[in-house]
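Have a look at final_8.pdb; it's PDB, C-alpha atoms and all ligand atoms:
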```
ATOM      1  CA  MET J  92     -60.150  61.845  23.742
ATOM      2  CA  SER J  93     -60.835  65.528  23.558
ATOM      3  CA  GLU J  94     -59.805  67.395  20.437
ATOM      4  CA  ARG J  95     -57.589  70.410  21.132
ATOM      5  CA  THR J  96     -59.054  73.574  19.689
ATOM      6  CA  PRO J  97     -56.519  75.378  17.434
ATOM      7  CA  THR J  98     -55.564  78.673  18.977
ATOM      8  CA  LEU J  99     -53.352  79.992  16.210
ATOM      9  CA  PRO J 100     -55.045  82.083  13.598
ATOM     10  CA  SER J 101     -54.965  80.289  10.260
ATOM     11  CA  GLU J 102     -52.772  82.923   8.509
ATOM     12  CA  GLU J 103     -49.948  82.350  11.078
ATOM     13  CA  ARG J 104     -49.967  78.575  10.916
ATOM     14  CA  PRO J 105     -47.647  77.969   7.843
ATOM     15  CA  ALA J 106     -44.893  80.154   9.303
ATOM     16  CA  TYR J 107     -45.265  78.465  12.683
ATOM     17  CA  GLY J 108     -45.067  74.972  11.105
ATOM     18  CA  ARG J 109     -41.899  75.895   9.171
ATOM     19  CA  ARG J 110     -40.271  77.165  12.359
ATOM     20  CA  ALA J 111     -41.238  73.995  14.274
ATOM     21  CA  ASN J 112     -39.652  71.881  11.512
ATOM     22  CA  GLU J 113     -36.439  73.892  11.627
ATOM     23  CA  VAL J 114     -36.206  73.402  15.411
ATOM     24  CA  LYS J 115     -36.798  69.624  15.040
ATOM     25  CA  GLN J 116     -34.097  69.282  12.327
ATOM     26  CA  GLY J 117     -31.695  71.346  14.434
ATOM     27  CA  LEU J 118     -32.240  69.088  17.449
ATOM     28  CA  GLU J 119     -31.766  65.905  15.385
ATOM     29  CA  ALA J 120     -28.533  67.201  13.831
ATOM     30  CA  ALA J 121     -27.198  68.178  17.265
ATOM     31  CA  TYR J 122     -28.092  64.719  18.612
ATOM     32  CA  GLU J 123     -26.297  62.929  15.710
ATOM     33  CA  ALA J 124     -23.244  65.143  16.130
ATOM     34  CA  LYS J 125     -23.091  64.364  19.870
ATOM     35  CA  VAL J 126     -23.428  60.595  19.292
ATOM     36  CA  GLU J 127     -20.613  60.703  16.708
ATOM     37  CA  ALA J 128     -18.402  62.758  19.038
ATOM     38  CA  LEU J 129     -18.942  60.266  21.904
ATOM     39  CA  LYS J 130     -18.121  57.313  19.590
ATOM     40  CA  GLN J 131     -14.898  58.992  18.461
ATOM     41  CA  ALA J 132     -13.924  59.731  22.051
ATOM     42  CA  THR J 133     -14.473  56.088  23.144
ATOM     43  CA  GLN J 134     -12.467  54.827  20.186
ATOM     44  CA  SER J 135      -9.559  57.173  20.862
ATOM     45  CA  ARG J 136      -9.557  56.205  24.555
ATOM     46  CA  SER J 137      -9.408  52.467  23.738
ATOM     47  CA  LEU J 138      -6.695  53.010  21.114
ATOM     48  CA  VAL J 139      -4.547  54.699  23.722
ATOM     49  CA  ALA J 140      -5.338  52.177  26.473
ATOM     50  CA  ASP J 141      -4.779  49.031  24.309
ATOM     51  CA  GLU J 142      -1.876  50.384  22.378
ATOM     52  CA  VAL J 143       0.238  47.735  20.613
ATOM     53  CA  ASP J 144       3.856  48.594  20.246
ATOM     54  CA  VAL J 145       4.746  46.840  17.044
ATOM     55  CA  SER J 146       8.423  47.611  17.561
ATOM     56  CA  LEU J 147       8.604  45.401  20.705
ATOM     57  CA  PRO J 148      10.362  42.044  20.205
ATOM     58  CA  GLY J 149       7.810  39.184  19.866
ATOM     59  CA  HIS J 150       7.743  35.968  21.840
ATOM     60  CA  PRO J 151       9.934  33.567  19.879
ATOM     61  CA  SER J 152       8.046  30.356  19.070
ATOM     62  CA  ARG J 153      10.162  27.422  20.105
ATOM     63  CA  PRO J 154      10.156  24.724  17.442
ATOM     64  CA  GLY J 155       9.316  21.261  18.742
ATOM     65  CA  ARG J 156      11.697  18.412  18.206
ATOM     66  CA  LEU J 157      11.390  14.779  17.397
ATOM     67  CA  HIS J 158      11.462  12.209  20.153
ATOM     68  CA  PRO J 159      14.750  10.261  20.047
ATOM     69  CA  ILE J 160      12.853   7.044  19.270
ATOM     70  CA  THR J 161      11.007   8.708  16.382
ATOM     71  CA  ARG J 162      14.391   9.838  15.062
ATOM     72  CA  THR J 163      15.804   6.343  15.436
ATOM     73  CA  LEU J 164      12.773   4.803  13.730
ATOM     74  CA  ARG J 165      13.051   7.254  10.836
ATOM     75  CA  GLU J 166      16.708   6.409  10.425
ATOM     76  CA  ILE J 167      15.866   2.708  10.356
ATOM     77  CA  TYR J 168      13.111   3.346   7.757
ATOM     78  CA  ARG J 169      15.531   5.343   5.606
ATOM     79  CA  ILE J 170      18.200   2.644   5.651
ATOM     80  CA  PHE J 171      15.777  -0.141   4.797
ATOM     81  CA  ALA J 172      13.985   2.003   2.196
ATOM     82  CA  GLU J 173      17.328   2.254   0.366
ATOM     83  CA  MET J 174      17.425  -1.541   0.358
ATOM     84  CA  GLY J 175      13.892  -1.742  -1.079
ATOM     85  CA  PHE J 176      11.911  -2.475   2.116
ATOM     86  CA  GLN J 177       8.466  -0.898   2.517
ATOM     87  CA  VAL J 178       6.946   0.038   5.876
ATOM     88  CA  TYR J 179       4.013  -2.237   6.745
ATOM     89  CA  ARG J 180       1.780  -1.180   9.652
ATOM     90  CA  SER J 181       0.242  -3.856  11.762
ATOM     91  CA  ARG J 182      -2.089  -3.680  14.775
ATOM     92  CA  ASP J 183      -1.074  -3.423  18.464
ATOM     93  CA  VAL J 184      -4.051  -5.430  19.705
ATOM     94  CA  GLU J 185      -3.727  -8.973  18.449
ATOM     95  CA  THR J 186      -5.258 -12.369  18.854
ATOM     96  CA  ASP J 187      -3.465 -15.053  20.796
ATOM     97  CA  ASP J 188      -3.485 -17.054  17.545
ATOM     98  CA  LEU J 189      -1.511 -14.472  15.593
ATOM     99  CA  ASN J 190       0.850 -13.526  18.412
ATOM    100  CA  PHE J 191       1.666 -17.142  19.279
ATOM    101  CA  THR J 192      -0.077 -20.109  17.635
ATOM    102  CA  LEU J 193       0.433 -19.167  13.980
ATOM    103  CA  LEU J 194       4.061 -18.354  14.818
ATOM    104  CA  ASN J 195       4.555 -21.982  15.747
ATOM    105  CA  MET J 196       3.829 -21.550  19.465
ATOM    106  CA  PRO J 197       0.674 -23.559  20.183
ATOM    107  CA  PRO J 198      -1.016 -23.202  23.603
ATOM    108  CA  HIS J 199       1.260 -24.452  26.396
ATOM    109  CA  HIS J 200       4.383 -24.081  24.248
ATOM    110  CA  PRO J 201       7.175 -23.270  26.751
ATOM    111  CA  ALA J 202       8.450 -20.342  24.635
ATOM    112  CA  ARG J 203       5.233 -18.436  25.488
ATOM    113  CA  ASP J 204       6.667 -17.929  28.988
ATOM    114  CA  MET J 205       9.311 -15.570  27.591
ATOM    115  CA  TRP J 206       6.619 -13.292  26.211
ATOM    116  CA  ASP J 207       3.955 -12.823  28.871
ATOM    117  CA  THR J 208       1.617  -9.974  27.995
ATOM    118  CA  PHE J 209      -1.478  -7.964  28.925
ATOM    119  CA  TYR J 210      -4.841  -9.583  28.344
ATOM    120  CA  THR J 211      -8.120  -7.886  27.445
ATOM    121  CA  VAL J 212     -11.481  -8.927  28.854
ATOM    122  CA  ARG J 213     -12.224 -10.532  25.506
ATOM    123  CA  PRO J 214     -10.856 -14.095  25.558
ATOM    124  CA  GLY J 215      -8.032 -14.603  23.073
ATOM    125  CA  VAL J 216      -7.460 -10.861  22.492
ATOM    126  CA  ILE J 217      -4.157  -9.539  23.830
ATOM    127  CA  LEU J 218      -1.613  -6.744  23.392
ATOM    128  CA  ARG J 219       1.098  -8.018  21.065
ATOM    129  CA  THR J 220       4.405  -8.948  22.665
ATOM    130  CA  HIS J 221       6.381  -8.522  19.462
ATOM    131  CA  THR J 222       5.912  -7.275  15.907
ATOM    132  CA  SER J 223       6.223 -10.832  14.516
ATOM    133  CA  PRO J 224       2.432 -11.414  14.114
ATOM    134  CA  GLY J 225       2.650  -8.728  11.405
ATOM    135  CA  GLN J 226       4.587 -11.298   9.346
ATOM    136  CA  ILE J 227       1.405 -13.382   9.037
ATOM    137  CA  HIS J 228      -0.710 -10.323   8.130
ATOM    138  CA  ALA J 229       1.797  -9.268   5.447
ATOM    139  CA  MET J 230       2.049 -12.794   3.987
ATOM    140  CA  ARG J 231      -1.731 -13.203   3.833
ATOM    141  CA  GLN J 232      -2.066  -9.836   2.142
ATOM    142  CA  TYR J 233       0.736 -10.224  -0.413
ATOM    143  CA  TYR J 234       0.552 -13.937  -1.321
ATOM    144  CA  PRO J 235       1.861 -15.071  -3.829
ATOM    145  CA  GLU J 236       4.037 -11.998  -4.434
ATOM    146  CA  PRO J 237       7.567 -11.735  -3.038
ATOM    147  CA  ILE J 238       7.740  -9.579   0.100
ATOM    148  CA  ARG J 239      10.234  -7.060   1.425
ATOM    149  CA  VAL J 240       8.791  -5.150   4.385
ATOM    150  CA  ILE J 241       9.705  -3.714   7.749
ATOM    151  CA  LEU J 242       7.044  -3.672  10.452
ATOM    152  CA  PRO J 243       7.509  -1.030  13.144
ATOM    153  CA  GLY J 244       5.354  -0.539  16.217
ATOM    154  CA  MET J 245       4.748  -0.719  19.952
ATOM    155  CA  CYS J 246       4.999  -4.003  21.815
ATOM    156  CA  TYR J 247       3.858  -4.829  25.341
ATOM    157  CA  ARG J 248       5.265  -7.264  27.845
ATOM    158  CA  TYR J 249       4.296  -8.074  31.371
ATOM    159  CA  GLU J 250       7.781  -7.993  32.787
ATOM    160  CA  GLN J 251       9.997  -6.262  35.307
ATOM    161  CA  VAL J 252      10.924  -2.706  34.310
ATOM    162  CA  THR J 253      14.694  -2.246  34.561
ATOM    163  CA  ALA J 254      17.369  -0.014  33.066
ATOM    164  CA  ARG J 255      17.296  -2.234  29.930
ATOM    165  CA  SER J 256      13.652  -3.368  29.802
ATOM    166  CA  GLU J 257      10.358  -1.502  29.587
ATOM    167  CA  LEU J 258       6.875  -2.985  29.564
ATOM    168  CA  MET J 259       6.047  -0.858  26.488
ATOM    169  CA  PHE J 260       8.698  -0.498  23.816
ATOM    170  CA  THR J 261       9.070  -0.371  20.046
ATOM    171  CA  GLN J 262      10.285  -3.057  17.709
ATOM    172  CA  VAL J 263      11.055  -3.109  14.013
ATOM    173  CA  GLU J 264      10.444  -6.437  12.369
ATOM    174  CA  GLY J 265      11.883  -7.246   8.956
ATOM    175  CA  LEU J 266      10.584  -9.811   6.480
ATOM    176  CA  ALA J 267      11.971 -10.755   3.079
ATOM    177  CA  LEU J 268      10.268 -13.593   1.240
ATOM    178  CA  GLY J 269      10.733 -15.037  -2.215
ATOM    179  CA  LYS J 270      11.834 -18.121  -4.126
ATOM    180  CA  THR J 271      15.583 -17.781  -3.673
ATOM    181  CA  ILE J 272      16.123 -16.075  -0.314
ATOM    182  CA  THR J 273      18.941 -17.574   1.730
ATOM    183  CA  MET J 274      20.731 -17.048   5.037
ATOM    184  CA  ALA J 275      23.427 -15.208   3.038
ATOM    185  CA  ASP J 276      20.824 -12.550   2.151
ATOM    186  CA  LEU J 277      19.953 -12.204   5.820
ATOM    187  CA  LYS J 278      23.596 -11.762   6.789
ATOM    188  CA  GLY J 279      24.316  -9.286   3.983
ATOM    189  CA  THR J 280      21.253  -7.199   4.879
ATOM    190  CA  ILE J 281      22.076  -7.082   8.588
ATOM    191  CA  VAL J 282      25.773  -6.280   8.090
ATOM    192  CA  ASP J 283      24.837  -3.486   5.689
ATOM    193  CA  PHE J 284      22.255  -2.168   8.168
ATOM    194  CA  ALA J 285      24.790  -2.209  11.044
ATOM    195  CA  ASN J 286      27.341  -0.284   8.980
ATOM    196  CA  ARG J 287      24.826   2.334   7.914
ATOM    197  CA  MET J 288      23.319   2.706  11.380
ATOM    198  CA  PHE J 289      26.442   2.625  13.534
ATOM    199  CA  GLY J 290      29.195   3.622  11.091
ATOM    200  CA  GLN J 291      31.380   1.796   8.576
ATOM    201  CA  GLY J 292      33.625  -1.050   9.649
ATOM    202  CA  ARG J 293      31.357  -2.595  12.301
ATOM    203  CA  GLN J 294      32.008  -6.191  13.202
ATOM    204  CA  VAL J 295      28.792  -8.234  13.117
ATOM    205  CA  ARG J 296      28.489 -11.561  14.888
ATOM    206  CA  PHE J 297      25.728 -14.144  14.416
ATOM    207  CA  ARG J 298      25.238 -16.332  17.487
ATOM    208  CA  ALA J 299      23.140 -19.488  17.201
ATOM    209  CA  SER J 300      19.882 -19.076  19.099
ATOM    210  CA  HIS J 301      16.304 -20.304  19.162
ATOM    211  CA  PHE J 302      12.999 -18.745  18.161
ATOM    212  CA  PRO J 303      10.035 -21.042  17.434
ATOM    213  CA  PHE J 304       9.197 -19.031  14.288
ATOM    214  CA  THR J 305      12.632 -19.170  12.607
ATOM    215  CA  GLU J 306      14.923 -22.053  11.725
ATOM    216  CA  PRO J 307      17.862 -21.657  11.925
ATOM    217  CA  SER J 308      17.731 -18.744  14.399
ATOM    218  CA  ALA J 309      20.395 -16.297  15.507
ATOM    219  CA  GLU J 310      21.008 -13.389  17.826
ATOM    220  CA  VAL J 311      22.964 -10.618  16.151
ATOM    221  CA  ASP J 312      25.707  -8.706  17.983
ATOM    222  CA  ILE J 313      27.900  -5.815  16.896
ATOM    223  CA  ASP J 314      31.307  -5.013  18.344
ATOM    224  CA  CYS J 315      30.802  -2.568  21.216
ATOM    225  CA  ILE J 316      30.755   0.945  19.789
ATOM    226  CA  LEU J 317      31.846   2.417  23.111
ATOM    227  CA  CYS J 318      35.079   0.419  23.545
ATOM    228  CA  SER J 319      35.532  -0.859  19.953
ATOM    229  CA  GLY J 320      35.336  -4.407  21.211
ATOM    230  CA  LYS J 321      38.006  -4.108  23.886
ATOM    231  CA  GLY J 322      35.545  -4.662  26.746
ATOM    232  CA  CYS J 323      33.751  -2.164  29.006
ATOM    233  CA  ARG J 324      30.856  -1.964  31.476
ATOM    234  CA  VAL J 325      28.241  -1.411  28.753
ATOM    235  CA  CYS J 326      29.173  -4.599  26.911
ATOM    236  CA  LYS J 327      29.774  -6.347  30.228
ATOM    237  CA  PHE J 328      33.420  -6.827  29.180
ATOM    238  CA  THR J 329      32.448  -9.137  26.298
ATOM    239  CA  GLY J 330      33.239  -6.627  23.532
ATOM    240  CA  TRP J 331      29.833  -7.365  21.897
ATOM    241  CA  LEU J 332      26.367  -5.778  22.009
ATOM    242  CA  GLU J 333      23.202  -7.590  20.964
ATOM    243  CA  ILE J 334      21.068  -5.683  18.451
ATOM    244  CA  MET J 335      18.399  -8.133  17.290
ATOM    245  CA  GLY J 336      16.986 -11.632  16.893
ATOM    246  CA  ALA J 337      16.808 -13.100  13.390
ATOM    247  CA  GLY J 338      16.562 -16.247  11.309
ATOM    248  CA  MET J 339      15.058 -18.037   8.328
ATOM    249  CA  VAL J 340      11.248 -18.071   8.464
ATOM    250  CA  HIS J 341      10.083 -21.447   9.825
ATOM    251  CA  PRO J 342       8.213 -23.649   7.291
ATOM    252  CA  VAL J 343       5.168 -23.790   9.592
ATOM    253  CA  VAL J 344       4.996 -19.969   9.626
ATOM    254  CA  LEU J 345       5.342 -19.824   5.825
ATOM    255  CA  GLU J 346       2.452 -22.275   5.536
ATOM    256  CA  ASN J 347       0.323 -20.306   8.001
ATOM    257  CA  GLY J 348       0.933 -17.233   5.876
ATOM    258  CA  GLY J 349      -0.163 -19.133   2.760
ATOM    259  CA  TYR J 350       3.276 -19.683   1.152
ATOM    260  CA  ASP J 351       4.420 -23.200   0.184
ATOM    261  CA  PRO J 352       7.687 -23.834   2.084
ATOM    262  CA  ASP J 353       8.891 -26.150  -0.707
ATOM    263  CA  VAL J 354       8.802 -23.234  -3.130
ATOM    264  CA  TYR J 355       9.335 -20.142  -0.994
ATOM    265  CA  SER J 356      11.852 -19.177   1.651
ATOM    266  CA  GLY J 357      12.430 -16.045   3.641
ATOM    267  CA  PHE J 358      14.307 -14.331   6.420
ATOM    268  CA  ALA J 359      13.013 -12.309   9.327
ATOM    269  CA  PHE J 360      14.503 -10.220  12.089
ATOM    270  CA  GLY J 361      13.263  -8.204  15.039
ATOM    271  CA  MET J 362      15.164  -5.332  16.614
ATOM    272  CA  GLY J 363      14.486  -2.931  19.495
ATOM    273  CA  PRO J 364      14.929   0.755  18.550
ATOM    274  CA  GLU J 365      15.208   1.788  22.234
ATOM    275  CA  ARG J 366      18.201  -0.500  22.682
ATOM    276  CA  ILE J 367      19.681   0.737  19.388
ATOM    277  CA  ALA J 368      19.214   4.385  20.463
ATOM    278  CA  MET J 369      20.831   3.554  23.825
ATOM    279  CA  LEU J 370      23.919   2.272  22.018
ATOM    280  CA  LYS J 371      24.035   5.075  19.507
ATOM    281  CA  TYR J 372      23.487   7.952  21.951
ATOM    282  CA  ARG J 373      25.101   6.286  24.994
ATOM    283  CA  ILE J 374      21.962   6.325  27.136
ATOM    284  CA  ASP J 375      22.293   4.115  30.170
ATOM    285  CA  ASP J 376      18.636   3.822  31.235
ATOM    286  CA  ILE J 377      15.780   2.866  28.913
ATOM    287  CA  ARG J 378      13.228   4.482  31.280
ATOM    288  CA  ALA J 379      14.457   7.933  30.170
ATOM    289  CA  PHE J 380      12.632   7.534  26.821
ATOM    290  CA  TRP J 381       9.119   7.506  28.264
ATOM    291  CA  ALA J 382       9.614   9.536  31.464
ATOM    292  CA  ASN J 383       8.794  12.832  29.667
ATOM    293  CA  ASP J 384      11.654  14.720  31.290
ATOM    294  CA  LEU J 385      12.315  17.726  29.048
ATOM    295  CA  ARG J 386      15.929  17.968  30.244
ATOM    296  CA  PHE J 387      16.499  14.597  28.572
ATOM    297  CA  LEU J 388      14.329  15.113  25.496
ATOM    298  CA  GLN J 389      15.711  18.574  24.670
ATOM    299  CA  GLN J 390      19.165  17.140  24.096
ATOM    300  CA  PHE J 391      18.021  15.602  20.799
ATOM    301  CA  ARG J 392      17.897  18.119  17.958
TER     302      ARG J 392
HETATM  303  C1  LIG J 401      11.487 -11.185  19.622
HETATM  304  O1  LIG J 401      10.611 -10.425  20.048
HETATM  305  C2  LIG J 401      11.363 -11.838  18.282
HETATM  306  N1  LIG J 401      10.025 -11.637  17.778
HETATM  307  C3  LIG J 401      12.410 -11.251  17.350
HETATM  308  C4  LIG J 401      12.534 -11.986  16.068
HETATM  309  C5  LIG J 401      11.804 -11.597  14.955
HETATM  310  C6  LIG J 401      13.358 -13.101  15.971
HETATM  311  C7  LIG J 401      11.905 -12.287  13.764
HETATM  312  C8  LIG J 401      13.468 -13.807  14.796
HETATM  313  C9  LIG J 401      12.738 -13.379  13.684
HETATM  314  P1  LIG J 401      13.141 -10.724  21.575
HETATM  315  O2  LIG J 401      12.214 -11.035  22.688
HETATM  316  O3  LIG J 401      14.557 -11.073  21.761
HETATM  317  O4  LIG J 401      12.670 -11.398  20.242
HETATM  318  O5  LIG J 401      13.034  -9.161  21.286
HETATM  319  C10 LIG J 401      13.675  -8.562  20.173
HETATM  320  C11 LIG J 401      14.275  -7.222  20.557
HETATM  321  O6  LIG J 401      13.265  -6.401  21.172
HETATM  322  C12 LIG J 401      15.370  -7.340  21.620
HETATM  323  O7  LIG J 401      16.621  -7.596  21.003
HETATM  324  C13 LIG J 401      15.335  -5.965  22.239
HETATM  325  O8  LIG J 401      16.061  -5.060  21.462
HETATM  326  C14 LIG J 401      13.868  -5.596  22.176
HETATM  327  N2  LIG J 401      13.212  -5.870  23.464
HETATM  328  C15 LIG J 401      12.722  -7.030  23.924
HETATM  329  N3  LIG J 401      12.179  -6.898  25.152
HETATM  330  C16 LIG J 401      12.307  -5.595  25.471
HETATM  331  C17 LIG J 401      11.927  -4.777  26.599
HETATM  332  N4  LIG J 401      11.261  -5.297  27.628
HETATM  333  N5  LIG J 401      12.237  -3.475  26.588
HETATM  334  C18 LIG J 401      12.887  -2.941  25.525
HETATM  335  N6  LIG J 401      13.255  -3.614  24.429
HETATM  336  C19 LIG J 401      12.989  -4.924  24.400
END
```
Show me the file's structure as structure tokens.
Amino acid sequence: MSERTPTLPSEERPAYGRRANEVKQGLEAAYEAKVEALKQATQSRSLVADEVDVSLPGHPSRPGRLHPITRTLREIYRIFAEMGFQVYRSRDVETDDLNFTLLNMPPHHPARDMWDTFYTVRPGVILRTHTSPGQIHAMRQYYPEPIRVILPGMCYRYEQVTARSELMFTQVEGLALGKTITMADLKGTIVDFANRMFGQGRQVRFRASHFPFTEPSAEVDIDCILCSGKGCRVCKFTGWLEIMGAGMVHPVVLENGGYDPDVYSGFAFGMGPERIAMLKYRIDDIRAFWANDLRFLQQFR
């Protein structure tokens, strides 16, 4: 690299250096000022282009609403909570033993035909057909304490879908167990429930029936809320509407739950909230609940 030979006489150099510095500082200041001016201009342009008019009306957020079955379930919980029943959650996927055998329906029991279900690839593991297996879970958990629980949840049945029957639907089971529980307690509880759910003055009828896990067993009807018992299409001109199955817990079931049937007794019932909502809101097709049609769902506030 060749050194450049200074051409400026030494007495002129300080003045020349000062001047060079002044020019450099001037250029830098001009550059900064230009950058700042460009930044300001870009910002002002974007403020104008993306202007938000805060005085415009906003988009109203539409509040969601509860599904009619959720509403019905909550109403059922509230009524039974006032009577001292706790909610007990039990699983949807059950063993054949809990869904049937321990409820006094051994393999090949004819009553199993009424409750065909969906099977998993694991032998003996099925989707529950009713909430009744929860009775055994609750008993095994609470023994030897007295029990007062309701057991809500989805049930699954391999059956024809019709205006009254779905293959997936909810049930609410009830179980009261202690040393002095009688059929009178069952009747009092159900009549009180019917009055609170459907309005005071309901007629409640207990019809003898059969369930392998209760003895004696009954189906419970209320006088038709649409025609006040006079007879109409909904009640098939009988004046009565079925709301649940019920009965005194069978001694075999008490034993399977760990309770001595000579000491303890209990009542149980199982109702279908879809059917209850159909009666209460006059819905004539159960399929409406799970079809996800907003025109139907938006009617429930
Ligand atoms: C039972 O499932 C018994 N576990 C009920 C019970 C519990 C009896 C405890 C005694 C003691 P059932 O199959 O009748 O019984 O069903 C009970 C209720 O579930 C019916 O009254 C109905 O409201 C509802 N239900 C049954 N099948 C369907 C279905 N396919 N679609 C909608 N709801 C249904």
Using the file's own x, y and z axes, what box holds all listed atoms of ligand LIG 401 (chain J) with 8 Å on each side, keeping edges along x, y and z, and what are its centre and edge lengths in Å to one decimal, as AutoDock Vina command-line options?
```
--center_x 13.3 --center_y -8.4 --center_z 20.7 --size_x 22.6 --size_y 26.9 --size_z 29.9
```
**OP:** Just the residues within 10 Å of J:Cys315, please, counting all atoms listed in the file, with nothing from its chain fewer than 6 positions along; format it as an MDAnalysis selection string.
**Re:** chainID J and resid 293:294 321:323 325:333 370
Subject >> Length of the atom CA of J:Gly336 to atom CA of J:Glu257 vector [Å] >> reply: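 Going from atom CA of J:Gly336 over to atom CA of J:Glu257, I get 17.5 Å.
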Original post:
Using all atoms listed in the file, which residue out of J:Ser356, J:Asn383, J:Thr305, J:Gln389 lies closest to ligand LIG 401 (chain J)?
Top reply: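 Selected residue with least distance to ligand LIG 401 (chain J): J:Thr305.
For the atom pair formed by atom CA of J:Ile377 and atom CA of J:Pro224, the distance is 24.5 Å, given to one decimal.
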**OP:** Counting all atoms listed in the file, select every polymer residue within 9 Å of (24.0, -18.4, 12.9) as defined in the file's coordinates, and provide the selection as a list in words.
**Re:**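 Using all atoms listed in the file, the matching residues come out as Met274, Arg296, Phe297, Arg298, Ala299, Ser300, Pro307, Ser308, Ala309, Glu310, Val311, Ala337 and Gly338 of chain J.
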Original post:
What does the distance from atom CA of J:Ala359 to atom CA of J:Arg162 come to in Å, to one decimal?
Top reply: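 So the answer is 22.9 Å.
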Do you have, as CSV, the list of residues of chain J lying at most 8 Å from ligand LIG 401 (chain J), each with its nearest atom pair and that distance in Å to one decimal, counting all atoms listed in the file and ordered by chain then number?
```
residue,atom,partner,partner_atom,distance
J:Met205,CA,J:LIG401,O2,7.3
J:Trp206,CA,J:LIG401,O2,7.0
J:Thr220,CA,J:LIG401,O1,6.9
J:His221,CA,J:LIG401,O1,4.7
J:Thr222,CA,J:LIG401,N1,6.3
J:Ser223,CA,J:LIG401,N1,5.1
J:Tyr247,CA,J:LIG401,N4,7.8
J:Arg248,CA,J:LIG401,N4,6.3
J:Glu250,CA,J:LIG401,N4,6.8
J:Gln251,CA,J:LIG401,N4,7.8
J:Val252,CA,J:LIG401,N4,7.2
J:Arg255,CA,J:LIG401,N5,6.2
J:Ser256,CA,J:LIG401,N5,3.5
J:Glu257,CA,J:LIG401,N5,4.1
J:Leu258,CA,J:LIG401,N4,5.3
J:Met259,CA,J:LIG401,N5,6.7
J:Phe260,CA,J:LIG401,C18,5.1
J:Thr261,CA,J:LIG401,N6,6.9
J:Gln262,CA,J:LIG401,O6,5.7
J:Glu264,CA,J:LIG401,C5,5.9
J:Gly265,CA,J:LIG401,C7,7.0
J:Leu266,CA,J:LIG401,C7,7.8
J:Phe302,CA,J:LIG401,C8,6.0
J:Phe304,CA,J:LIG401,C9,6.7
J:Thr305,CA,J:LIG401,C8,5.9
J:Ser308,CA,J:LIG401,C8,6.5
J:Ala309,CA,J:LIG401,C8,7.4
J:Glu310,CA,J:LIG401,C6,7.9
J:Glu333,CA,J:LIG401,O7,6.6
J:Ile334,CA,J:LIG401,O7,5.5
J:Met335,CA,J:LIG401,O7,4.2
J:Gly336,CA,J:LIG401,C6,4.0
J:Ala337,CA,J:LIG401,C8,3.7
J:Gly338,CA,J:LIG401,C8,5.3
J:Met339,CA,J:LIG401,C9,7.5
J:Val340,CA,J:LIG401,C9,7.2
J:Phe358,CA,J:LIG401,C9,7.5
J:Ala359,CA,J:LIG401,C9,4.5
J:Phe360,CA,J:LIG401,C7,3.7
J:Gly361,CA,J:LIG401,C5,3.7
J:Met362,CA,J:LIG401,C11,4.5
J:Gly363,CA,J:LIG401,O8,3.3
J:Pro364,CA,J:LIG401,O8,6.6
J:Glu365,CA,J:LIG401,N6,6.1
J:Arg366,CA,J:LIG401,O8,5.2
J:Ile367,CA,J:LIG401,O8,7.1
J:Ile377,CA,J:LIG401,C18,7.3
```
**OP:** Let me know the residues the PyMOL selection byres (((chain J and resi 346) around 12) and not hetatm) catches in the file above, as a PyMOL selection string.
**Re:** chain J and resi 193-195+226-227+230-231+234-235+304+340-345+347-357
Now that the selection is made, can you save its residues with C-alpha atoms as a compact mmCIF listing (two decimals), keeping the file's coordinate frame?
```txt
# COMPACT_ATOMS: atom_id res chain seq x y z
CA LEU J 193 0.43 -19.17 13.98
CA LEU J 194 4.06 -18.35 14.82
CA ASN J 195 4.56 -21.98 15.75
CA GLN J 226 4.59 -11.30 9.35
CA ILE J 227 1.40 -13.38 9.04
CA MET J 230 2.05 -12.79 3.99
CA ARG J 231 -1.73 -13.20 3.83
CA TYR J 234 0.55 -13.94 -1.32
CA PRO J 235 1.86 -15.07 -3.83
CA PHE J 304 9.20 -19.03 14.29
CA VAL J 340 11.25 -18.07 8.46
CA HIS J 341 10.08 -21.45 9.82
CA PRO J 342 8.21 -23.65 7.29
CA VAL J 343 5.17 -23.79 9.59
CA VAL J 344 5.00 -19.97 9.63
CA LEU J 345 5.34 -19.82 5.82
CA ASN J 347 0.32 -20.31 8.00
CA GLY J 348 0.93 -17.23 5.88
CA GLY J 349 -0.16 -19.13 2.76
CA TYR J 350 3.28 -19.68 1.15
CA ASP J 351 4.42 -23.20 0.18
CA PRO J 352 7.69 -23.83 2.08
CA ASP J 353 8.89 -26.15 -0.71
CA VAL J 354 8.80 -23.23 -3.13
CA TYR J 355 9.34 -20.14 -0.99
CA SER J 356 11.85 -19.18 1.65
CA GLY J 357 12.43 -16.05 3.64
```
